[in-house]
file entry-v2.cif (mmCIF, C-alpha atoms and all ligand atoms)
data_target
#
loop_
_atom_site.label_atom_id
_atom_site.label_comp_id
_atom_site.auth_asym_id
_atom_site.auth_seq_id
_atom_site.Cartn_x
_atom_site.Cartn_y
_atom_site.Cartn_z
CA MET H 1 -166.90 -39.08 43.40
CA GLU H 2 -166.54 -36.35 46.00
CA VAL H 3 -168.76 -36.38 49.07
CA ASP H 4 -170.14 -33.03 50.18
CA GLY H 5 -168.67 -32.83 53.68
CA GLN H 6 -170.61 -29.67 54.48
CA ARG H 7 -173.95 -31.23 53.50
CA LEU H 8 -173.17 -34.24 55.69
CA ARG H 9 -172.14 -31.99 58.57
CA ASP H 10 -175.30 -29.90 58.23
CA ASP H 11 -177.44 -33.03 58.58
CA ILE H 12 -175.54 -34.34 61.61
CA GLU H 13 -175.65 -30.88 63.23
CA ALA H 14 -179.38 -30.53 62.53
CA ASN H 15 -180.00 -33.98 64.04
CA ALA H 16 -177.90 -33.01 67.07
CA GLU H 17 -180.52 -30.38 68.00
CA PHE H 18 -183.12 -33.06 68.79
CA GLY H 19 -182.84 -33.90 72.48
CA ALA H 20 -179.84 -31.55 72.77
CA LEU H 21 -178.39 -31.07 76.26
CA ASP H 22 -177.10 -27.89 77.82
CA GLY H 23 -173.66 -27.97 79.31
CA GLU H 24 -170.27 -28.99 78.08
CA GLY H 25 -169.75 -30.81 74.82
CA ARG H 26 -172.49 -31.75 72.35
CA GLY H 27 -174.80 -34.09 74.22
CA ARG H 28 -178.20 -35.46 73.30
CA THR H 29 -180.74 -37.80 74.82
CA VAL H 30 -182.94 -39.47 72.22
CA LEU H 31 -184.89 -42.44 73.53
CA THR H 32 -187.34 -44.38 71.38
CA GLY H 33 -190.73 -42.75 70.90
CA THR H 34 -189.93 -39.55 72.76
CA GLU H 35 -190.53 -36.09 71.33
CA ALA H 36 -186.82 -35.81 70.49
CA ASN H 37 -186.99 -39.15 68.69
CA ARG H 38 -190.09 -38.10 66.77
CA ARG H 39 -188.40 -34.92 65.57
CA ALA H 40 -185.21 -36.78 64.61
CA ARG H 41 -187.26 -39.29 62.62
CA GLU H 42 -189.27 -36.57 60.91
CA TYR H 43 -186.14 -34.69 59.91
CA PHE H 44 -184.62 -37.90 58.54
CA VAL H 45 -187.72 -38.67 56.47
CA GLU H 46 -187.66 -35.08 55.14
CA ARG H 47 -184.04 -35.45 54.10
CA LEU H 48 -184.77 -38.78 52.40
CA GLU H 49 -187.64 -37.16 50.50
CA ASP H 50 -185.48 -34.14 49.60
CA ALA H 51 -183.12 -36.65 48.00
CA ARG H 52 -186.13 -38.17 46.18
CA LEU H 53 -185.90 -41.56 47.89
CA ASP H 54 -189.00 -43.71 48.47
CA VAL H 55 -189.58 -43.84 52.20
CA ARG H 56 -190.88 -46.87 54.01
CA VAL H 57 -191.59 -47.16 57.76
CA ASP H 58 -192.17 -50.66 59.09
CA ALA H 59 -194.29 -51.88 62.01
CA VAL H 60 -191.50 -51.37 64.57
CA GLY H 61 -190.49 -47.96 63.25
CA ASN H 62 -187.48 -48.98 61.20
CA ILE H 63 -187.10 -46.45 58.38
CA ALA H 64 -185.67 -47.09 54.91
CA GLY H 65 -185.35 -44.72 51.97
CA ARG H 66 -184.87 -46.47 48.64
CA TRP H 67 -182.90 -45.04 45.74
CA MET H 68 -184.10 -46.65 42.52
CA PRO H 69 -182.15 -45.01 39.72
CA GLU H 70 -183.07 -45.79 36.11
CA SER H 71 -179.95 -47.93 35.83
CA ALA H 72 -181.21 -50.26 38.58
CA ASN H 73 -183.26 -53.38 38.09
CA PRO H 74 -186.16 -53.24 40.56
CA GLU H 75 -186.30 -57.04 40.59
CA VAL H 76 -182.83 -57.60 42.06
CA ALA H 77 -181.88 -57.46 45.73
CA ALA H 78 -180.94 -54.02 47.06
CA VAL H 79 -177.77 -53.16 48.91
CA ALA H 80 -178.33 -51.22 52.11
CA ALA H 81 -176.46 -48.99 54.54
CA GLY H 82 -177.34 -47.09 57.68
CA SER H 83 -177.27 -47.18 61.45
CA HIS H 84 -179.50 -45.73 64.22
CA LEU H 85 -180.82 -42.35 65.39
CA ASP H 86 -181.53 -43.14 69.05
CA SER H 87 -178.94 -42.47 71.74
CA VAL H 88 -178.06 -43.48 75.27
CA PRO H 89 -179.07 -40.95 77.96
CA GLU H 90 -176.59 -38.06 77.67
CA GLY H 91 -174.95 -39.58 74.63
CA GLY H 92 -172.99 -37.95 71.83
CA ILE H 93 -174.06 -36.64 68.43
CA PHE H 94 -172.13 -39.08 66.18
CA ASP H 95 -172.93 -42.54 67.58
CA GLY H 96 -175.59 -43.70 65.11
CA PRO H 97 -176.38 -40.49 63.17
CA LEU H 98 -172.99 -40.56 61.42
CA GLY H 99 -173.86 -43.92 59.85
CA VAL H 100 -177.41 -42.90 58.94
CA TYR H 101 -176.51 -39.59 57.32
CA ALA H 102 -173.32 -40.96 55.75
CA ALA H 103 -175.47 -43.55 53.97
CA LEU H 104 -177.73 -40.78 52.70
CA GLU H 105 -174.74 -38.65 51.68
CA ALA H 106 -173.28 -41.67 49.88
CA VAL H 107 -176.43 -41.96 47.76
CA ARG H 108 -176.46 -38.20 47.01
CA THR H 109 -172.76 -38.43 46.11
CA MET H 110 -173.33 -41.36 43.78
CA ARG H 111 -176.13 -39.57 42.02
CA ASP H 112 -174.19 -36.28 41.76
CA GLY H 113 -171.23 -38.25 40.43
CA GLY H 114 -173.25 -39.99 37.74
CA VAL H 115 -172.78 -43.46 39.27
CA LYS H 116 -175.22 -45.92 37.68
CA PRO H 117 -175.88 -48.82 40.08
CA THR H 118 -177.74 -51.84 38.81
CA ARG H 119 -179.16 -52.58 42.25
CA PRO H 120 -181.49 -50.37 44.32
CA ILE H 121 -179.88 -48.84 47.42
CA ASP H 122 -181.62 -48.51 50.82
CA VAL H 123 -180.68 -45.88 53.41
CA VAL H 124 -181.73 -47.22 56.81
CA SER H 125 -182.31 -46.17 60.40
CA PHE H 126 -183.06 -48.97 62.86
CA THR H 127 -185.25 -48.47 65.93
CA GLU H 128 -183.60 -48.48 69.38
CA GLU H 129 -180.13 -49.83 68.73
CA GLU H 130 -179.02 -48.62 72.16
CA GLY H 131 -181.74 -50.46 74.06
CA GLN H 132 -182.39 -47.77 76.61
CA ARG H 133 -186.16 -47.82 76.82
CA PHE H 134 -187.83 -51.02 75.61
CA ALA H 135 -185.19 -53.70 75.06
CA ASP H 136 -181.58 -54.62 75.76
CA GLY H 137 -180.47 -53.32 72.39
CA LEU H 138 -180.49 -54.05 68.64
CA LEU H 139 -184.31 -53.92 68.79
CA GLY H 140 -185.20 -52.89 65.24
CA SER H 141 -182.49 -54.98 63.64
CA SER H 142 -183.59 -58.04 65.63
CA VAL H 143 -187.01 -57.72 64.03
CA ALA H 144 -185.58 -57.05 60.57
CA THR H 145 -183.51 -60.24 60.85
CA GLY H 146 -186.25 -62.44 62.31
CA HIS H 147 -184.60 -62.83 65.72
CA ARG H 148 -187.71 -61.29 67.28
CA SER H 149 -191.25 -61.11 65.93
CA VAL H 150 -193.08 -57.84 65.25
CA GLU H 151 -195.73 -58.77 67.83
CA GLU H 152 -193.18 -59.54 70.51
CA ALA H 153 -191.36 -56.28 69.83
CA LEU H 154 -194.51 -54.14 69.89
CA SER H 155 -195.56 -55.56 73.25
CA LEU H 156 -192.23 -54.63 74.91
CA THR H 157 -192.77 -52.12 77.67
CA ASP H 158 -190.75 -49.52 79.57
CA GLY H 159 -192.91 -50.26 82.62
CA ARG H 160 -195.66 -47.82 81.62
CA THR H 161 -195.95 -47.71 77.83
CA THR H 162 -195.59 -50.35 75.14
CA LEU H 163 -193.38 -49.85 72.11
CA GLU H 164 -196.59 -49.99 70.06
CA ASP H 165 -198.12 -47.03 71.91
CA ALA H 166 -194.87 -45.08 71.88
CA LEU H 167 -194.52 -45.49 68.11
CA ASP H 168 -198.19 -44.55 67.62
CA THR H 169 -197.69 -41.40 69.66
CA ALA H 170 -194.64 -40.50 67.61
CA GLY H 171 -196.49 -41.31 64.39
CA PHE H 172 -193.94 -43.92 63.35
CA ARG H 173 -195.68 -47.27 63.60
CA GLY H 174 -195.78 -48.28 59.97
CA LYS H 175 -196.66 -51.54 58.29
CA GLY H 176 -194.98 -54.85 57.55
CA ARG H 177 -191.38 -55.66 58.25
CA ILE H 178 -188.21 -54.42 56.58
CA ASP H 179 -186.49 -57.75 55.94
CA ALA H 180 -182.70 -57.60 56.02
CA SER H 181 -182.43 -61.00 54.35
CA ASP H 182 -183.82 -59.33 51.19
CA TRP H 183 -180.64 -57.27 50.96
CA ASP H 184 -177.73 -58.46 48.85
CA ALA H 185 -175.28 -56.70 51.18
CA TRP H 186 -175.19 -54.31 54.14
CA LEU H 187 -172.69 -51.68 55.30
CA GLU H 188 -172.67 -49.62 58.49
CA LEU H 189 -170.35 -46.70 59.19
CA HIS H 190 -169.99 -46.00 62.91
CA VAL H 191 -167.69 -44.13 65.28
CA GLU H 192 -164.94 -46.37 66.59
CA GLN H 193 -165.52 -45.69 70.32
CA SER H 194 -161.88 -46.48 71.11
CA GLU H 195 -158.54 -44.88 70.30
CA ARG H 196 -156.85 -47.14 67.77
CA LEU H 197 -157.58 -45.04 64.66
CA GLU H 198 -156.68 -41.77 66.36
CA ARG H 199 -153.38 -43.19 67.59
CA ALA H 200 -152.56 -44.56 64.15
CA GLY H 201 -153.57 -41.29 62.47
CA ILE H 202 -155.78 -43.23 60.04
CA PRO H 203 -159.25 -41.93 59.12
CA VAL H 204 -161.05 -45.21 58.36
CA GLY H 205 -161.14 -48.63 59.99
CA VAL H 206 -162.47 -51.74 58.28
CA VAL H 207 -163.97 -54.05 60.87
CA THR H 208 -162.87 -57.68 60.74
CA THR H 209 -165.03 -59.15 63.51
CA ILE H 210 -167.52 -57.89 66.07
CA THR H 211 -166.68 -59.41 69.44
CA GLY H 212 -168.91 -61.94 71.08
CA ILE H 213 -170.40 -61.23 74.50
CA THR H 214 -171.00 -63.49 77.46
CA HIS H 215 -172.78 -62.34 80.60
CA CYS H 216 -172.37 -64.46 83.72
CA ASP H 217 -174.03 -64.23 87.06
CA ALA H 218 -171.80 -65.27 89.99
CA GLU H 219 -172.74 -65.56 93.63
CA ILE H 220 -170.58 -66.03 96.71
CA VAL H 221 -172.24 -66.97 99.99
CA GLY H 222 -170.40 -66.64 103.29
CA GLU H 223 -171.81 -65.82 106.70
CA ALA H 224 -173.08 -62.42 107.80
CA ASN H 225 -171.90 -61.66 111.30
CA HIS H 226 -171.11 -58.89 113.78
CA ALA H 227 -168.20 -56.75 112.57
CA GLY H 228 -167.05 -56.11 116.13
CA ALA H 229 -167.57 -59.41 117.89
CA THR H 230 -166.41 -61.82 115.15
CA PRO H 231 -162.62 -62.43 115.26
CA MET H 232 -160.82 -62.27 111.91
CA SER H 233 -159.99 -65.97 112.10
CA GLU H 234 -163.64 -66.95 112.43
CA ARG H 235 -165.16 -65.12 109.49
CA THR H 236 -166.53 -66.31 106.20
CA ASP H 237 -166.55 -62.94 104.48
CA ALA H 238 -168.29 -63.08 101.10
CA LEU H 239 -166.92 -59.71 99.98
CA THR H 240 -163.24 -60.41 100.59
CA ALA H 241 -163.73 -63.62 98.61
CA ALA H 242 -165.50 -61.66 95.88
CA SER H 243 -162.59 -59.22 95.77
CA GLU H 244 -160.26 -62.08 94.85
CA PHE H 245 -162.71 -63.18 92.17
CA VAL H 246 -162.83 -59.68 90.65
CA LEU H 247 -159.03 -59.62 90.44
CA ASP H 248 -158.92 -63.14 88.99
CA VAL H 249 -161.25 -62.10 86.16
CA GLU H 250 -159.13 -59.01 85.53
CA ARG H 251 -155.99 -61.15 85.32
CA ALA H 252 -157.56 -63.87 83.17
CA ALA H 253 -158.44 -61.68 80.16
CA PRO H 254 -154.95 -60.46 79.14
CA ASN H 255 -153.61 -63.95 79.80
CA VAL H 256 -156.01 -65.47 77.36
CA GLY H 257 -155.71 -63.08 74.42
CA GLU H 258 -154.71 -59.59 73.33
CA THR H 259 -158.25 -58.52 72.43
CA ALA H 260 -160.07 -60.35 75.24
CA VAL H 261 -161.70 -58.27 77.98
CA GLY H 262 -163.32 -59.32 81.24
CA THR H 263 -165.23 -57.06 83.61
CA VAL H 264 -166.99 -57.58 86.89
CA GLY H 265 -169.23 -54.57 86.47
CA LYS H 266 -171.84 -55.20 89.11
CA LEU H 267 -171.67 -56.15 92.78
CA ASP H 268 -174.63 -56.56 95.04
CA VAL H 269 -173.38 -56.89 98.61
CA ARG H 270 -175.64 -58.07 101.40
CA PRO H 271 -176.55 -56.92 103.91
CA ASN H 272 -174.34 -53.98 102.79
CA ALA H 273 -174.00 -52.50 106.25
CA THR H 274 -170.82 -51.00 107.70
CA ASN H 275 -171.00 -53.00 110.93
CA VAL H 276 -171.78 -56.41 109.40
CA VAL H 277 -169.37 -58.92 107.85
CA PRO H 278 -170.75 -59.33 104.30
CA GLY H 279 -172.71 -62.56 103.99
CA ARG H 280 -173.56 -62.68 100.31
CA VAL H 281 -172.31 -61.07 97.11
CA GLU H 282 -173.89 -61.33 93.68
CA MET H 283 -171.80 -60.27 90.70
CA GLY H 284 -172.38 -59.52 87.04
CA VAL H 285 -169.51 -60.54 84.75
CA ASP H 286 -169.09 -59.31 81.15
CA ILE H 287 -166.64 -61.19 78.89
CA ARG H 288 -165.91 -60.30 75.24
CA ASP H 289 -163.51 -61.28 72.51
CA VAL H 290 -163.24 -61.86 68.77
CA ASN H 291 -162.23 -65.44 69.58
CA TYR H 292 -164.97 -67.60 71.06
CA GLU H 293 -162.46 -70.12 72.45
CA ALA H 294 -160.82 -67.32 74.41
CA MET H 295 -164.19 -66.28 75.83
CA ASN H 296 -164.78 -69.87 76.93
CA GLU H 297 -161.33 -69.97 78.53
CA ILE H 298 -162.05 -66.86 80.63
CA VAL H 299 -165.36 -68.40 81.72
CA SER H 300 -163.56 -71.56 82.74
CA ARG H 301 -160.93 -69.60 84.69
CA ALA H 302 -163.72 -67.70 86.45
CA ARG H 303 -165.27 -71.03 87.47
CA ASP H 304 -161.87 -72.27 88.68
CA ALA H 305 -161.47 -69.12 90.74
CA LEU H 306 -164.77 -69.83 92.51
CA ASP H 307 -163.76 -73.46 93.16
CA ARG H 308 -160.53 -72.24 94.72
CA LEU H 309 -162.43 -69.77 96.92
CA GLU H 310 -164.72 -72.57 98.12
CA ALA H 311 -161.66 -74.60 99.12
CA GLU H 312 -159.61 -71.78 100.62
CA ARG H 313 -162.25 -69.55 102.19
CA GLY H 314 -165.09 -71.92 102.97
CA VAL H 315 -167.65 -69.96 100.96
CA GLU H 316 -170.32 -71.46 98.75
CA THR H 317 -170.56 -70.28 95.15
CA ARG H 318 -172.83 -70.36 92.14
CA PHE H 319 -172.02 -69.46 88.54
CA ASP H 320 -174.46 -69.14 85.61
CA ARG H 321 -173.59 -68.24 82.05
CA GLU H 322 -176.88 -66.60 81.27
CA PHE H 323 -176.30 -64.75 78.01
CA ASP H 324 -174.04 -65.74 75.16
CA LEU H 325 -173.45 -64.26 71.73
CA GLU H 326 -170.62 -65.64 69.61
CA PRO H 327 -168.25 -63.30 67.72
CA THR H 328 -169.46 -62.25 64.26
CA ASP H 329 -167.05 -62.20 61.31
CA MET H 330 -167.64 -59.56 58.66
CA SER H 331 -168.12 -60.58 55.02
CA ASP H 332 -164.94 -60.86 52.95
CA ARG H 333 -166.49 -59.42 49.80
CA CYS H 334 -167.94 -56.40 51.64
CA ARG H 335 -164.59 -55.76 53.35
CA LYS H 336 -162.84 -56.07 50.02
CA ALA H 337 -165.22 -53.51 48.50
CA ALA H 338 -164.35 -51.13 51.34
CA HIS H 339 -160.59 -51.63 50.96
CA GLU H 340 -160.77 -51.09 47.20
CA ALA H 341 -162.94 -47.99 47.57
CA ALA H 342 -160.43 -46.53 50.02
CA GLU H 343 -157.54 -47.30 47.71
CA ASP H 344 -159.33 -45.64 44.78
CA ALA H 345 -159.90 -42.55 46.90
CA GLY H 346 -156.33 -42.52 48.26
CA ILE H 347 -157.58 -42.92 51.83
CA ASP H 348 -155.63 -45.05 54.33
CA THR H 349 -157.44 -47.80 56.22
CA VAL H 350 -156.58 -50.28 58.90
CA ASP H 351 -158.28 -53.54 59.88
CA LEU H 352 -159.61 -53.70 63.41
CA HIS H 353 -162.25 -55.45 65.44
CA SER H 354 -165.28 -53.97 67.15
CA GLY H 355 -165.46 -54.36 70.91
CA ALA H 356 -169.02 -53.00 71.02
CA ALA H 357 -172.21 -54.60 69.71
CA HIS H 358 -173.92 -53.06 66.67
CA ASP H 359 -177.00 -53.75 64.52
CA THR H 360 -174.57 -55.20 61.96
CA MET H 361 -174.09 -58.19 64.28
CA ARG H 362 -177.66 -59.17 63.67
CA ILE H 363 -177.65 -58.37 59.96
CA ALA H 364 -174.53 -60.47 59.38
CA ASP H 365 -176.63 -63.51 60.31
CA VAL H 366 -178.87 -63.06 57.28
CA THR H 367 -176.77 -61.37 54.58
CA ASP H 368 -173.22 -60.28 53.72
CA ALA H 369 -172.38 -57.40 56.03
CA ALA H 370 -169.45 -55.21 57.01
CA MET H 371 -168.67 -52.14 59.12
CA LEU H 372 -166.47 -49.09 58.73
CA PHE H 373 -165.18 -47.07 61.67
CA ALA H 374 -164.35 -43.36 61.88
CA PRO H 375 -161.96 -42.12 64.61
CA SER H 376 -163.30 -41.13 68.03
CA ARG H 377 -161.34 -38.35 69.75
CA ASP H 378 -159.69 -39.83 72.86
CA GLY H 379 -161.80 -42.94 72.26
CA ILE H 380 -164.73 -41.31 74.08
CA SER H 381 -168.33 -42.27 73.26
CA HIS H 382 -171.73 -42.44 75.01
CA ASN H 383 -170.77 -39.05 76.37
CA PRO H 384 -171.30 -35.40 75.27
CA ALA H 385 -167.50 -35.25 74.74
CA GLU H 386 -167.84 -37.78 71.91
CA TRP H 387 -166.24 -36.25 68.83
CA THR H 388 -165.22 -37.21 65.30
CA GLU H 389 -163.48 -34.60 63.15
CA TRP H 390 -165.63 -33.43 60.24
CA ASN H 391 -162.93 -34.27 57.70
CA ASP H 392 -162.81 -37.83 59.10
CA CYS H 393 -166.61 -38.03 58.77
CA ALA H 394 -166.22 -37.02 55.11
CA ALA H 395 -163.33 -39.42 54.41
CA SER H 396 -165.11 -42.41 55.92
CA THR H 397 -168.29 -41.47 54.04
CA ARG H 398 -166.26 -41.32 50.82
CA VAL H 399 -165.15 -44.92 51.45
CA LEU H 400 -168.71 -45.95 52.27
CA ALA H 401 -169.96 -44.39 49.02
CA GLY H 402 -167.29 -46.14 46.96
CA ALA H 403 -167.97 -49.50 48.59
CA LEU H 404 -171.74 -49.13 48.11
CA ALA H 405 -171.26 -48.16 44.48
CA SER H 406 -169.18 -51.27 43.82
CA LEU H 407 -171.53 -53.61 45.75
CA ALA H 408 -174.52 -52.18 43.86
CA ARG H 409 -172.97 -52.78 40.46
ZN ZN H 501 -174.18 -46.90 67.88
#
call {"tool": "encode", "arguments": {"input": "entry-v2.cif", "output": "structure tokens", "more": "lines below"}}
Ligand SMILES: [Zn+2]
result
Amino acid sequence: MEVDGQRLRDDIEANAEFGALDGEGRGRTVLTGTEANRRAREYFVERLEDARLDVRVDAVGNIAGRWMPESANPEVAAVAAGSHLDSVPEGGIFDGPLGVYAALEAVRTMRDGGVKPTRPIDVVSFTEEEGQRFADGLLGSSVATGHRSVEEALSLTDGRTTLEDALDTAGFRGKGRIDASDWDAWLELHVEQSERLERAGIPVGVVTTITGITHCDAEIVGEANHAGATPMSERTDALTAASEFVLDVERAAPNVGETAVGTVGKLDVRPNATNVVPGRVEMGVDIRDVNYEAMNEIVSRARDALDRLEAERGVETRFDREFDLEPTDMSDRCRKAAHEAAEDAGIDTVDLHSGAAHDTMRIADVTDAAMLFAPSRDGISHNPAEWTEWNDCAASTRVLAGALASLAR
């Protein structure tokens, strides 16, 4: 089996034109239900039909093209692969589209190579993985996995328009629900979005675990006062206390584990005036790791840090863990299929974890799922400078095709 790297490239380049940005790099902005999104969806459907797949669009705009070769039994569960076609504002051209068009190229490759799967194969694009218009992210896959109902999803709004209206306008509100639990297995190829593969000089990563995410809301209350008339010894400065907290979170992560990360990404300082001692700071904390215990340990150290600040600085504090998603392990048999496919093709792989969330997180809750990564130049993503070499796109697609062929047999 040889993938057609040029055919894959042509599809990704054609898709890159929708919502394309002027300026440096290859940027695009493709938010759900916009004109750019409509054109990207239409092109995808055309390419599925060109490959003689049966296209289905569900009620939230998820798209699946089914390959049902004569060798396949229509009664057995399909295997599926894909990703997403939406982007962040001013995103890159590979994040999402690589996985969608690699899945299509894998099917074309299998057919060209005379592979005879016994299971149907679905090529999938999920609606709004990036969560930039209607939801926080993983929108279409949440519906496909039953985490969110169709009705709830359709009533989501960007402040002016509902998802239902946006999909109607784009002509992509279909019927029913693509149900990921019907699939026997799922694979997603995605750009790595960090530098480990590039540094190792290896074209394909096999994901072991997708990190869990905790979001915490922390608040420090001191006393707002005159910046000129309040002596240093008589202040209860919420921002200097918050500064210690930010550094404590930064120190906690590497102490707890090699893969753990902790970020205070948001500060809201009040009254936020140059001539006033800050009286109140609200902070948003993001904690991730492949090990849930480690995530809990960072949370507990963050709480300890606030207790210490209460004692040492006389501030009052509040801490809420408001969002929590445990790490998701990938399926052993799907990972094995990927490793064996790479070995057959003479392509090197390395095991690594995913620090970013992906639709596969949701799908892994309802069926066996795994992810492959392709190298990201300088680790850059969500940026017009995002780049994956075309030969790496082809190599990772070759592994995807081999793994799909073995899972569908
Ligand atoms: Zn993505």
call {"tool": "closest_atom_pairs", "arguments": {"input": "entry-v2.cif", "of": "segment 240-339 of chain H", "to": "segment 396-401 of chain H", "cutoff": "12 Å", "atoms": "all atoms listed in the file", "output": "CSV"}}
result
residue,atom,partner,partner_atom,distance
H:Cys334,CA,H:Leu400,CA,10.5
H:Arg335,CA,H:Leu400,CA,10.7
H:Lys336,CA,H:Val399,CA,11.5
H:Ala337,CA,H:Val399,CA,9.1
H:Ala338,CA,H:Val399,CA,6.3
H:His339,CA,H:Val399,CA,8.1
call {"tool": "atom_distance", "arguments": {"input": "entry-v2.cif", "atom1": "atom CA of His147 of chain H", "atom2": "atom CA of Ala180 of chain H"}}
result
11.2 Å
call {"tool": "residues_around", "arguments": {"input": "entry-v2.cif", "residues": "Met110 of chain H", "least_positions_apart": "4", "cutoff": "10 Å", "atoms": "only C-alpha atoms", "output": "NGL selection string"}}
result
:H and (1-3 or 104-106 or 114-117 or 398 or 401-402 or 404-405)
call {"tool": "residues_around", "arguments": {"input": "entry-v2.cif", "residues": "Ala260 of chain H", "least_positions_apart": "3", "cutoff": "12 Å", "atoms": "all atoms listed in the file", "output": "CSV table (one decimal) with C-alpha atoms, keeping the file's coordinate frame"}}
result
chain,number,residue,atom,x,y,z
H,211,THR,CA,-166.7,-59.4,69.4
H,212,GLY,CA,-168.9,-61.9,71.1
H,213,ILE,CA,-170.4,-61.2,74.5
H,214,THR,CA,-171.0,-63.5,77.5
H,249,VAL,CA,-161.2,-62.1,86.2
H,250,GLU,CA,-159.1,-59.0,85.5
H,251,ARG,CA,-156.0,-61.2,85.3
H,252,ALA,CA,-157.6,-63.9,83.2
H,253,ALA,CA,-158.4,-61.7,80.2
H,254,PRO,CA,-155.0,-60.5,79.1
H,255,ASN,CA,-153.6,-64.0,79.8
H,256,VAL,CA,-156.0,-65.5,77.4
H,257,GLY,CA,-155.7,-63.1,74.4
H,263,THR,CA,-165.2,-57.1,83.6
H,286,ASP,CA,-169.1,-59.3,81.2
H,287,ILE,CA,-166.6,-61.2,78.9
H,288,ARG,CA,-165.9,-60.3,75.2
H,289,ASP,CA,-163.5,-61.3,72.5
H,290,VAL,CA,-163.2,-61.9,68.8
H,291,ASN,CA,-162.2,-65.4,69.6
H,292,TYR,CA,-165.0,-67.6,71.1
H,293,GLU,CA,-162.5,-70.1,72.4
H,294,ALA,CA,-160.8,-67.3,74.4
H,295,MET,CA,-164.2,-66.3,75.8
H,296,ASN,CA,-164.8,-69.9,76.9
H,297,GLU,CA,-161.3,-70.0,78.5
H,298,ILE,CA,-162.0,-66.9,80.6
H,299,VAL,CA,-165.4,-68.4,81.7
H,327,PRO,CA,-168.2,-63.3,67.7
H,353,HIS,CA,-162.2,-55.4,65.4
H,354,SER,CA,-165.3,-54.0,67.2
H,355,GLY,CA,-165.5,-54.4,70.9
call {"tool": "closest_residue", "arguments": {"input": "entry-v2.cif", "among": "H:Thr127, H:Thr259, H:Ser155, H:Ser300", "to": "ligand ZN 501 (chain H)", "atoms": "all atoms listed in the file"}}
result
H:Thr127
